[in-house]
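So this block is protein_26.pdb, PDB, C-alpha atoms:
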```pdb
MODEL        1
ATOM      1  CA  MET A  28     111.340  21.630  81.810  1.00  0.00           C
ATOM      2  CA  GLY A  29     110.240  22.168  85.384  1.00  0.00           C
ATOM      3  CA  GLU A  30     113.579  23.757  86.229  1.00  0.00           C
ATOM      4  CA  ILE A  31     113.375  26.055  83.149  1.00  0.00           C
ATOM      5  CA  ALA A  32     109.847  27.157  84.055  1.00  0.00           C
ATOM      6  CA  ALA A  33     110.951  27.944  87.586  1.00  0.00           C
ATOM      7  CA  LEU A  34     113.900  29.943  86.254  1.00  0.00           C
ATOM      8  CA  VAL A  35     111.646  31.972  83.897  1.00  0.00           C
ATOM      9  CA  SER A  36     109.234  32.673  86.735  1.00  0.00           C
ATOM     10  CA  ALA A  37     112.073  33.914  88.913  1.00  0.00           C
ATOM     11  CA  ILE A  38     113.339  36.216  86.152  1.00  0.00           C
ATOM     12  CA  VAL A  39     109.836  37.678  85.658  1.00  0.00           C
ATOM     13  CA  ALA A  40     109.468  38.248  89.377  1.00  0.00           C
ATOM     14  CA  VAL A  41     112.814  40.050  89.597  1.00  0.00           C
ATOM     15  CA  ALA A  42     111.901  42.228  86.586  1.00  0.00           C
ATOM     16  CA  GLY A  43     108.596  43.137  88.179  1.00  0.00           C
ATOM     17  CA  LEU A  44     110.327  44.088  91.395  1.00  0.00           C
ATOM     18  CA  LEU A  45     112.756  46.344  89.519  1.00  0.00           C
ATOM     19  CA  LEU A  46     109.875  48.069  87.705  1.00  0.00           C
ATOM     20  CA  ALA A  47     108.097  48.713  90.978  1.00  0.00           C
ATOM     21  CA  VAL A  48     111.182  50.090  92.696  1.00  0.00           C
ATOM     22  CA  PHE A  49     112.636  52.280  89.916  1.00  0.00           C
ATOM     23  CA  GLY A  50     109.462  53.264  88.128  1.00  0.00           C
ATOM     24  CA  VAL A  51     110.651  52.236  84.664  1.00  0.00           C
ATOM     25  CA  PRO A  52     107.825  52.864  82.169  1.00  0.00           C
ATOM     26  CA  LEU A  53     106.256  49.794  80.663  1.00  0.00           C
ATOM     27  CA  THR A  54     105.546  51.467  77.300  1.00  0.00           C
ATOM     28  CA  GLY A  55     107.152  54.205  75.188  1.00  0.00           C
ATOM     29  CA  GLY A  56     106.163  57.852  75.729  1.00  0.00           C
ATOM     30  CA  SER A  57     106.855  60.627  78.232  1.00  0.00           C
ATOM     31  CA  SER A  58     107.876  60.357  81.850  1.00  0.00           C
ATOM     32  CA  LEU A  59     105.960  61.785  84.787  1.00  0.00           C
ATOM     33  CA  ASN A  60     105.140  65.533  84.504  1.00  0.00           C
ATOM     34  CA  GLN A  61     106.592  65.815  81.010  1.00  0.00           C
ATOM     35  CA  SER A  62     104.596  66.493  77.888  1.00  0.00           C
ATOM     36  CA  LEU A  63     105.811  65.665  74.419  1.00  0.00           C
ATOM     37  CA  ALA A  64     103.513  68.397  73.086  1.00  0.00           C
ATOM     38  CA  TYR A  65     105.526  71.134  74.850  1.00  0.00           C
ATOM     39  CA  GLY A  66     108.999  69.747  74.540  1.00  0.00           C
ATOM     40  CA  ALA A  67     111.178  67.718  76.836  1.00  0.00           C
ATOM     41  CA  GLY A  68     111.073  68.774  80.450  1.00  0.00           C
ATOM     42  CA  ALA A  69     107.872  70.822  80.162  1.00  0.00           C
ATOM     43  CA  PRO A  70     105.530  70.185  83.111  1.00  0.00           C
ATOM     44  CA  ALA A  71     102.193  68.682  82.246  1.00  0.00           C
ATOM     45  CA  THR A  72      99.144  70.674  83.281  1.00  0.00           C
ATOM     46  CA  SER A  73      97.114  68.444  85.513  1.00  0.00           C
ATOM     47  CA  GLY A  74      95.129  71.178  87.240  1.00  0.00           C
ATOM     48  CA  VAL A  75      96.585  70.215  90.620  1.00  0.00           C
ATOM     49  CA  SER A  76      99.539  71.948  92.228  1.00  0.00           C
ATOM     50  CA  GLU A  77     101.369  71.011  95.362  1.00  0.00           C
ATOM     51  CA  THR A  78     102.915  73.660  97.602  1.00  0.00           C
ATOM     52  CA  PRO A  79     105.333  72.637 100.337  1.00  0.00           C
ATOM     53  CA  ALA A  80     104.035  73.465 103.792  1.00  0.00           C
ATOM     54  CA  SER A  81     105.606  76.574 105.278  1.00  0.00           C
ATOM     55  CA  PRO A  82     106.880  76.474 108.838  1.00  0.00           C
ATOM     56  CA  VAL A  83     104.549  78.123 111.316  1.00  0.00           C
ATOM     57  CA  SER A  84     105.899  81.335 112.794  1.00  0.00           C
ATOM     58  CA  SER A  85     104.742  82.730 116.108  1.00  0.00           C
ATOM     59  CA  THR A  86     105.853  86.258 115.127  1.00  0.00           C
ATOM     60  CA  PRO A  87     103.112  88.196 113.295  1.00  0.00           C
ATOM     61  CA  THR A  88     104.198  90.019 110.168  1.00  0.00           C
ATOM     62  CA  GLY A  89     102.356  92.869 108.476  1.00  0.00           C
ATOM     63  CA  PRO A  90     102.053  93.452 104.746  1.00  0.00           C
ATOM     64  CA  LYS A  91     105.278  94.354 103.023  1.00  0.00           C
ATOM     65  CA  ALA A  92     105.335  97.520 100.943  1.00  0.00           C
ATOM     66  CA  SER A  93     106.277  96.957  97.322  1.00  0.00           C
ATOM     67  CA  PRO A  94     109.615  98.555  96.451  1.00  0.00           C
ATOM     68  CA  PRO A  95     109.473 101.259  93.787  1.00  0.00           C
ATOM     69  CA  PRO A  96     110.215 100.008  90.266  1.00  0.00           C
ATOM     70  CA  THR A  97     113.781 100.300  89.083  1.00  0.00           C
ATOM     71  CA  LEU A  98     114.187 103.369  86.922  1.00  0.00           C
ATOM     72  CA  PRO A  99     115.545 102.691  83.433  1.00  0.00           C
ATOM     73  CA  SER A 100     118.482 104.714  82.242  1.00  0.00           C
ATOM     74  CA  GLY A 101     117.498 108.137  80.950  1.00  0.00           C
ATOM     75  CA  TRP A 102     114.458 108.580  83.225  1.00  0.00           C
ATOM     76  CA  HIS A 103     113.924 110.276  86.564  1.00  0.00           C
ATOM     77  CA  ARG A 104     111.119 109.980  89.105  1.00  0.00           C
ATOM     78  CA  LEU A 105     108.885 112.841  90.219  1.00  0.00           C
ATOM     79  CA  SER A 106     106.462 113.153  93.110  1.00  0.00           C
ATOM     80  CA  ALA A 107     103.335 115.255  92.695  1.00  0.00           C
ATOM     81  CA  PRO A 108     101.649 115.540  96.112  1.00  0.00           C
ATOM     82  CA  GLY A 109      98.816 117.625  94.715  1.00  0.00           C
ATOM     83  CA  LEU A 110      97.974 114.817  92.296  1.00  0.00           C
ATOM     84  CA  SER A 111      98.598 112.041  94.856  1.00  0.00           C
ATOM     85  CA  VAL A 112     100.783 110.345  92.284  1.00  0.00           C
ATOM     86  CA  THR A 113     104.411 109.497  91.641  1.00  0.00           C
ATOM     87  CA  PHE A 114     105.569 109.103  88.055  1.00  0.00           C
ATOM     88  CA  ALA A 115     108.660 109.207  85.876  1.00  0.00           C
ATOM     89  CA  VAL A 116     109.610 111.327  82.868  1.00  0.00           C
ATOM     90  CA  PRO A 117     112.525 111.029  80.440  1.00  0.00           C
ATOM     91  CA  ASP A 118     115.553 113.185  81.126  1.00  0.00           C
ATOM     92  CA  GLY A 119     115.531 116.470  79.247  1.00  0.00           C
ATOM     93  CA  TRP A 120     111.747 116.802  79.039  1.00  0.00           C
ATOM     94  CA  THR A 121     110.337 120.136  80.177  1.00  0.00           C
ATOM     95  CA  GLN A 122     107.160 120.829  82.116  1.00  0.00           C
ATOM     96  CA  VAL A 123     104.452 122.765  80.306  1.00  0.00           C
ATOM     97  CA  ALA A 124     103.319 125.641  82.522  1.00  0.00           C
ATOM     98  CA  GLY A 125      99.854 127.083  82.901  1.00  0.00           C
ATOM     99  CA  TYR A 126      97.970 124.116  84.382  1.00  0.00           C
ATOM    100  CA  ASP A 127      96.585 123.485  87.863  1.00  0.00           C
ATOM    101  CA  SER A 128      99.162 121.257  89.580  1.00  0.00           C
ATOM    102  CA  ASN A 129      96.387 119.663  91.637  1.00  0.00           C
ATOM    103  CA  LEU A 130      94.714 118.412  88.480  1.00  0.00           C
ATOM    104  CA  GLN A 131      97.457 117.609  85.972  1.00  0.00           C
ATOM    105  CA  SER A 132     101.142 117.679  85.157  1.00  0.00           C
ATOM    106  CA  ASN A 133     102.119 118.126  81.491  1.00  0.00           C
ATOM    107  CA  TRP A 134     105.512 117.454  79.867  1.00  0.00           C
ATOM    108  CA  ARG A 135     107.075 117.803  76.419  1.00  0.00           C
ATOM    109  CA  SER A 136     110.081 116.199  74.764  1.00  0.00           C
ATOM    110  CA  PRO A 137     113.053 118.399  73.780  1.00  0.00           C
ATOM    111  CA  ASP A 138     112.188 118.088  70.068  1.00  0.00           C
ATOM    112  CA  LYS A 139     108.512 118.835  70.846  1.00  0.00           C
ATOM    113  CA  ALA A 140     107.538 115.605  69.100  1.00  0.00           C
ATOM    114  CA  HIS A 141     105.953 113.962  72.149  1.00  0.00           C
ATOM    115  CA  ASP A 142     103.566 115.255  74.793  1.00  0.00           C
ATOM    116  CA  MET A 143     102.896 113.549  78.120  1.00  0.00           C
ATOM    117  CA  SER A 144     100.272 114.269  80.744  1.00  0.00           C
ATOM    118  CA  VAL A 145      99.412 112.839  84.154  1.00  0.00           C
ATOM    119  CA  LYS A 146      96.001 113.772  85.533  1.00  0.00           C
ATOM    120  CA  ARG A 147      93.681 113.037  88.443  1.00  0.00           C
ATOM    121  CA  ASP A 148      89.902 113.364  88.150  1.00  0.00           C
ATOM    122  CA  THR A 149      87.400 113.374  91.011  1.00  0.00           C
ATOM    123  CA  LEU A 150      84.258 114.673  89.286  1.00  0.00           C
ATOM    124  CA  HIS A 151      83.446 112.370  86.381  1.00  0.00           C
ATOM    125  CA  GLY A 152      82.871 108.949  87.903  1.00  0.00           C
ATOM    126  CA  SER A 153      84.843 106.537  90.043  1.00  0.00           C
ATOM    127  CA  THR A 154      85.533 103.920  87.357  1.00  0.00           C
ATOM    128  CA  PRO A 155      87.767 104.131  84.281  1.00  0.00           C
ATOM    129  CA  GLU A 156      84.779 103.512  82.023  1.00  0.00           C
ATOM    130  CA  ALA A 157      82.681 106.280  83.568  1.00  0.00           C
ATOM    131  CA  ALA A 158      85.509 108.814  83.622  1.00  0.00           C
ATOM    132  CA  SER A 159      86.605 108.124  80.060  1.00  0.00           C
ATOM    133  CA  ALA A 160      83.011 108.439  78.818  1.00  0.00           C
ATOM    134  CA  GLN A 161      82.362 111.741  80.611  1.00  0.00           C
ATOM    135  CA  LEU A 162      85.744 113.202  79.668  1.00  0.00           C
ATOM    136  CA  ALA A 163      85.208 112.599  75.958  1.00  0.00           C
ATOM    137  CA  TRP A 164      85.115 116.328  75.221  1.00  0.00           C
ATOM    138  CA  TYR A 165      87.756 115.750  72.559  1.00  0.00           C
ATOM    139  CA  ARG A 166      85.063 114.224  70.317  1.00  0.00           C
ATOM    140  CA  ASP A 167      83.748 117.749  69.771  1.00  0.00           C
ATOM    141  CA  THR A 168      86.023 119.217  67.100  1.00  0.00           C
ATOM    142  CA  ALA A 169      84.904 122.750  67.892  1.00  0.00           C
ATOM    143  CA  GLU A 170      86.171 122.327  71.454  1.00  0.00           C
ATOM    144  CA  SER A 171      89.231 120.129  70.985  1.00  0.00           C
ATOM    145  CA  SER A 172      90.319 120.863  67.379  1.00  0.00           C
ATOM    146  CA  MET A 173      90.659 117.080  66.979  1.00  0.00           C
ATOM    147  CA  ALA A 174      89.011 115.831  63.780  1.00  0.00           C
ATOM    148  CA  ASP A 175      88.069 112.445  62.258  1.00  0.00           C
ATOM    149  CA  LEU A 176      88.594 110.543  65.509  1.00  0.00           C
ATOM    150  CA  THR A 177      88.798 106.787  65.736  1.00  0.00           C
ATOM    151  CA  VAL A 178      88.820 105.456  69.315  1.00  0.00           C
ATOM    152  CA  LEU A 179      89.682 101.933  70.418  1.00  0.00           C
ATOM    153  CA  THR A 180      89.325 100.852  74.063  1.00  0.00           C
ATOM    154  CA  HIS A 181      91.082  97.976  75.806  1.00  0.00           C
ATOM    155  CA  PRO A 182      90.149  96.879  79.347  1.00  0.00           C
ATOM    156  CA  THR A 183      93.335  96.216  81.300  1.00  0.00           C
ATOM    157  CA  ARG A 184      94.862  96.292  84.786  1.00  0.00           C
ATOM    158  CA  GLN A 185      97.225  98.803  86.339  1.00  0.00           C
ATOM    159  CA  SER A 186      98.795  98.493  89.800  1.00  0.00           C
ATOM    160  CA  GLY A 187      96.262  95.763  90.587  1.00  0.00           C
ATOM    161  CA  ASN A 188      93.318  98.049  89.773  1.00  0.00           C
ATOM    162  CA  ASP A 189      90.782  98.165  86.964  1.00  0.00           C
ATOM    163  CA  ALA A 190      91.964 100.288  84.061  1.00  0.00           C
ATOM    164  CA  LEU A 191      91.035 101.251  80.533  1.00  0.00           C
ATOM    165  CA  TRP A 192      93.524 101.874  77.734  1.00  0.00           C
ATOM    166  CA  LEU A 193      92.417 104.144  74.878  1.00  0.00           C
ATOM    167  CA  GLU A 194      93.981 104.501  71.437  1.00  0.00           C
ATOM    168  CA  ILE A 195      92.859 107.642  69.624  1.00  0.00           C
ATOM    169  CA  ASP A 196      93.724 108.240  65.964  1.00  0.00           C
ATOM    170  CA  TYR A 197      92.982 111.746  64.688  1.00  0.00           C
ATOM    171  CA  HIS A 198      94.372 114.841  63.022  1.00  0.00           C
ATOM    172  CA  TRP A 199      94.201 118.487  64.012  1.00  0.00           C
ATOM    173  CA  ALA A 200      91.442 120.432  62.290  1.00  0.00           C
ATOM    174  CA  GLY A 201      92.877 122.138  59.231  1.00  0.00           C
ATOM    175  CA  GLN A 202      95.924 119.846  59.141  1.00  0.00           C
ATOM    176  CA  ALA A 203      96.376 116.572  57.285  1.00  0.00           C
ATOM    177  CA  GLU A 204      99.110 115.005  59.436  1.00  0.00           C
ATOM    178  CA  PRO A 205      97.735 111.949  61.288  1.00  0.00           C
ATOM    179  CA  ARG A 206      98.348 111.753  65.021  1.00  0.00           C
ATOM    180  CA  LYS A 207      98.123 109.104  67.738  1.00  0.00           C
ATOM    181  CA  ARG A 208      97.101 109.519  71.374  1.00  0.00           C
ATOM    182  CA  VAL A 209      97.320 106.708  73.925  1.00  0.00           C
ATOM    183  CA  GLU A 210      95.648 107.224  77.266  1.00  0.00           C
ATOM    184  CA  LEU A 211      95.296 105.116  80.394  1.00  0.00           C
ATOM    185  CA  PHE A 212      92.451 105.546  82.893  1.00  0.00           C
ATOM    186  CA  VAL A 213      93.001 103.735  86.202  1.00  0.00           C
ATOM    187  CA  ALA A 214      90.750 103.660  89.266  1.00  0.00           C
ATOM    188  CA  GLY A 215      92.240 104.840  92.543  1.00  0.00           C
ATOM    189  CA  LYS A 216      90.940 105.331  96.062  1.00  0.00           C
ATOM    190  CA  VAL A 217      87.980 107.450  97.231  1.00  0.00           C
ATOM    191  CA  GLY A 218      86.554 107.849  93.749  1.00  0.00           C
ATOM    192  CA  HIS A 219      89.718 109.134  92.093  1.00  0.00           C
ATOM    193  CA  VAL A 220      90.528 108.175  88.506  1.00  0.00           C
ATOM    194  CA  TYR A 221      94.050 108.776  87.245  1.00  0.00           C
ATOM    195  CA  GLN A 222      95.068 109.352  83.641  1.00  0.00           C
ATOM    196  CA  LEU A 223      98.351 108.844  81.820  1.00  0.00           C
ATOM    197  CA  LEU A 224      98.523 110.228  78.283  1.00  0.00           C
ATOM    198  CA  PHE A 225     101.010 110.385  75.405  1.00  0.00           C
ATOM    199  CA  ASP A 226     100.436 112.174  72.101  1.00  0.00           C
ATOM    200  CA  THR A 227     102.558 112.298  68.942  1.00  0.00           C
ATOM    201  CA  ALA A 228     102.508 112.409  65.156  1.00  0.00           C
ATOM    202  CA  ALA A 229     101.672 109.013  63.680  1.00  0.00           C
ATOM    203  CA  THR A 230     104.911 108.297  61.830  1.00  0.00           C
ATOM    204  CA  PRO A 231     106.492 104.825  62.204  1.00  0.00           C
ATOM    205  CA  THR A 232     109.509 106.165  64.112  1.00  0.00           C
ATOM    206  CA  LYS A 233     107.479 108.325  66.489  1.00  0.00           C
ATOM    207  CA  LEU A 234     104.876 105.629  67.068  1.00  0.00           C
ATOM    208  CA  ALA A 235     107.607 103.157  68.014  1.00  0.00           C
ATOM    209  CA  ALA A 236     109.039 105.702  70.450  1.00  0.00           C
ATOM    210  CA  GLN A 237     105.569 106.416  71.854  1.00  0.00           C
ATOM    211  CA  GLN A 238     104.960 102.732  72.469  1.00  0.00           C
ATOM    212  CA  GLN A 239     108.145 102.467  74.522  1.00  0.00           C
ATOM    213  CA  LEU A 240     107.459 105.716  76.390  1.00  0.00           C
ATOM    214  CA  PHE A 241     103.952 104.619  77.297  1.00  0.00           C
ATOM    215  CA  ALA A 242     105.112 101.187  78.483  1.00  0.00           C
ATOM    216  CA  THR A 243     107.870 102.645  80.677  1.00  0.00           C
ATOM    217  CA  ALA A 244     105.621 105.356  82.125  1.00  0.00           C
ATOM    218  CA  ARG A 245     102.967 102.760  82.975  1.00  0.00           C
ATOM    219  CA  ASP A 246     105.545 100.651  84.756  1.00  0.00           C
ATOM    220  CA  GLN A 247     106.684 103.644  86.828  1.00  0.00           C
ATOM    221  CA  LEU A 248     103.239 105.057  87.654  1.00  0.00           C
ATOM    222  CA  LEU A 249     102.342 104.907  91.334  1.00  0.00           C
ATOM    223  CA  ILE A 250      98.871 106.186  92.274  1.00  0.00           C
ATOM    224  CA  ASP A 251      97.336 107.170  95.627  1.00  0.00           C
ATOM    225  CA  THR A 252     100.729 108.190  96.989  1.00  0.00           C
TER
ENDMDL
END
```
Write out the structure in this file as structure tokens.
Amino acid sequence: MGEIAALVSAIVAVAGLLLAVFGVPLTGGSSLNQSLAYGAGAPATSGVSETPASPVSSTPTGPKASPPPTLPSGWHRLSAPGLSVTFAVPDGWTQVAGYDSNLQSNWRSPDKAHDMSVKRDTLHGSTPEAASAQLAWYRDTAESSMADLTVLTHPTRQSGNDALWLEIDYHWAGQAEPRKRVELFVAGKVGHVYQLLFDTAATPTKLAAQQQLFATARDQLLIDT
């Protein structure tokens, strides 16, 4: 019996050593940094992150300029020095004449179904909220011909700056066709507020196209250039 007890003790000791060396779990469940709730291999959120130390360099480096976004097929980039902005428009769109190029640049699709505008404001507040509130002239039907407006606002970010995204549902006075306008106000430098706007008839096909146009134009918009 003494020999058997000694043998059992030795086996237990060896098993304990193996557990300590190889980290074999003592009970069923997930391994380290894996959560069963998020699937196998998903890292657990512990609130602590470890970043490997970077080698120290004796050569100072300045900030790196962000490369311009890659243009999707069917778009081309334009620079508007008077507006201090660089933006992109779809191929085939034509510029609408008759506007001060230092204040806005307006474009229209070949089928005239979509309108686009890029603007810069310096007189109506230095924040998106202030500018959008003071530029709400469109709420006056007599001035804008826009009737039965419904406006939704969404705080957002654009190019690392505070921004406000507006959705405006309306129809032209004297017409029954519903329309949709989406407009972005983004704060720039020295009190400038930039605007990006798309307007179209509110049909399912045109609204889907507007959503994609607005998303691509936002991605390509570079302010304070």
Size and centre in Å, one decimal, axis-aligned box, all listed region 161-175 of chain A atoms plus 4 Å per side, as AutoDock Vina command-line options:
```
--center_x 86.5 --center_y 117.2 --center_z 71.4 --size_x 16.3 --size_y 19.0 --size_z 26.4
```
Next item on the list: Using only C-alpha atoms, find the one residue out of A:Arg245, A:Arg104, A:His219, A:Lys207 that sits nearest to Arg147 (chain A).
Entry: A:His219
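With distances taken over all atoms listed in the file, A:Ile195 is the one residue among A:Trp120, A:Asp251, A:Gly201, A:Ile195 lying closest to Ala229 (chain A).
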Next item on the list: Counting only C-alpha atoms, select every polymer residue within 10 Å of (88.1, 115.6, 68.0) as defined in the file's coordinates, and provide the selection as a PyMOL selection string.
Entry: chain A and resi 163-177+195-200
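Of the residues under consideration (A:Pro205, A:Gly109, A:Gly218, A:Pro231), A:Gly218 shows the shortest atom-to-atom contact distance to His151 (chain A) when counting all atoms listed in the file.
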Item checked: region 127-138 of chain A environment, 9 Å, all atoms listed in the file, sequence neighbours closer than 2 positions dropped, as a PyMOL selection string -> chain A and resi 107-111+116-125+140-148+222
Write a file of the just-selected residues containing C-alpha atoms, as a compact mmCIF listing (two decimals), in the coordinates of the input.
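In the end it all went to out.txt:
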```txt
# COMPACT_ATOMS: atom_id res chain seq x y z
CA ALA A 107 103.34 115.26 92.70
CA PRO A 108 101.65 115.54 96.11
CA GLY A 109 98.82 117.62 94.72
CA LEU A 110 97.97 114.82 92.30
CA SER A 111 98.60 112.04 94.86
CA VAL A 116 109.61 111.33 82.87
CA PRO A 117 112.52 111.03 80.44
CA ASP A 118 115.55 113.18 81.13
CA GLY A 119 115.53 116.47 79.25
CA TRP A 120 111.75 116.80 79.04
CA THR A 121 110.34 120.14 80.18
CA GLN A 122 107.16 120.83 82.12
CA VAL A 123 104.45 122.76 80.31
CA ALA A 124 103.32 125.64 82.52
CA GLY A 125 99.85 127.08 82.90
CA ALA A 140 107.54 115.60 69.10
CA HIS A 141 105.95 113.96 72.15
CA ASP A 142 103.57 115.26 74.79
CA MET A 143 102.90 113.55 78.12
CA SER A 144 100.27 114.27 80.74
CA VAL A 145 99.41 112.84 84.15
CA LYS A 146 96.00 113.77 85.53
CA ARG A 147 93.68 113.04 88.44
CA ASP A 148 89.90 113.36 88.15
CA GLN A 222 95.07 109.35 83.64
```
Notebook entry, point to check: A:Ala228, A:Leu248, A:Ala235, A:Ala160: which is nearest Glu204 (chain A), counting all atoms listed in the file?
Noted result: A:Ala228
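CA of Thr243 (chain A) to CA of Gly215 (chain A) spans 19.7 Å [interatomic distance, one decimal].
The interatomic distance for the pair CA of Lys233 (chain A) and CA of Val209 (chain A) works out to 12.7 Å.
Straight-line separation from CA of Asp226 (chain A) to CA of Arg206 (chain A): 7.4 Å.
Minimum atom-to-atom distances from A:Glu194, A:Thr252, A:Ala115, A:Ala242 to Thr227 (chain A) were compared using all atoms listed in the file, and the lowest value belongs to A:Glu194.
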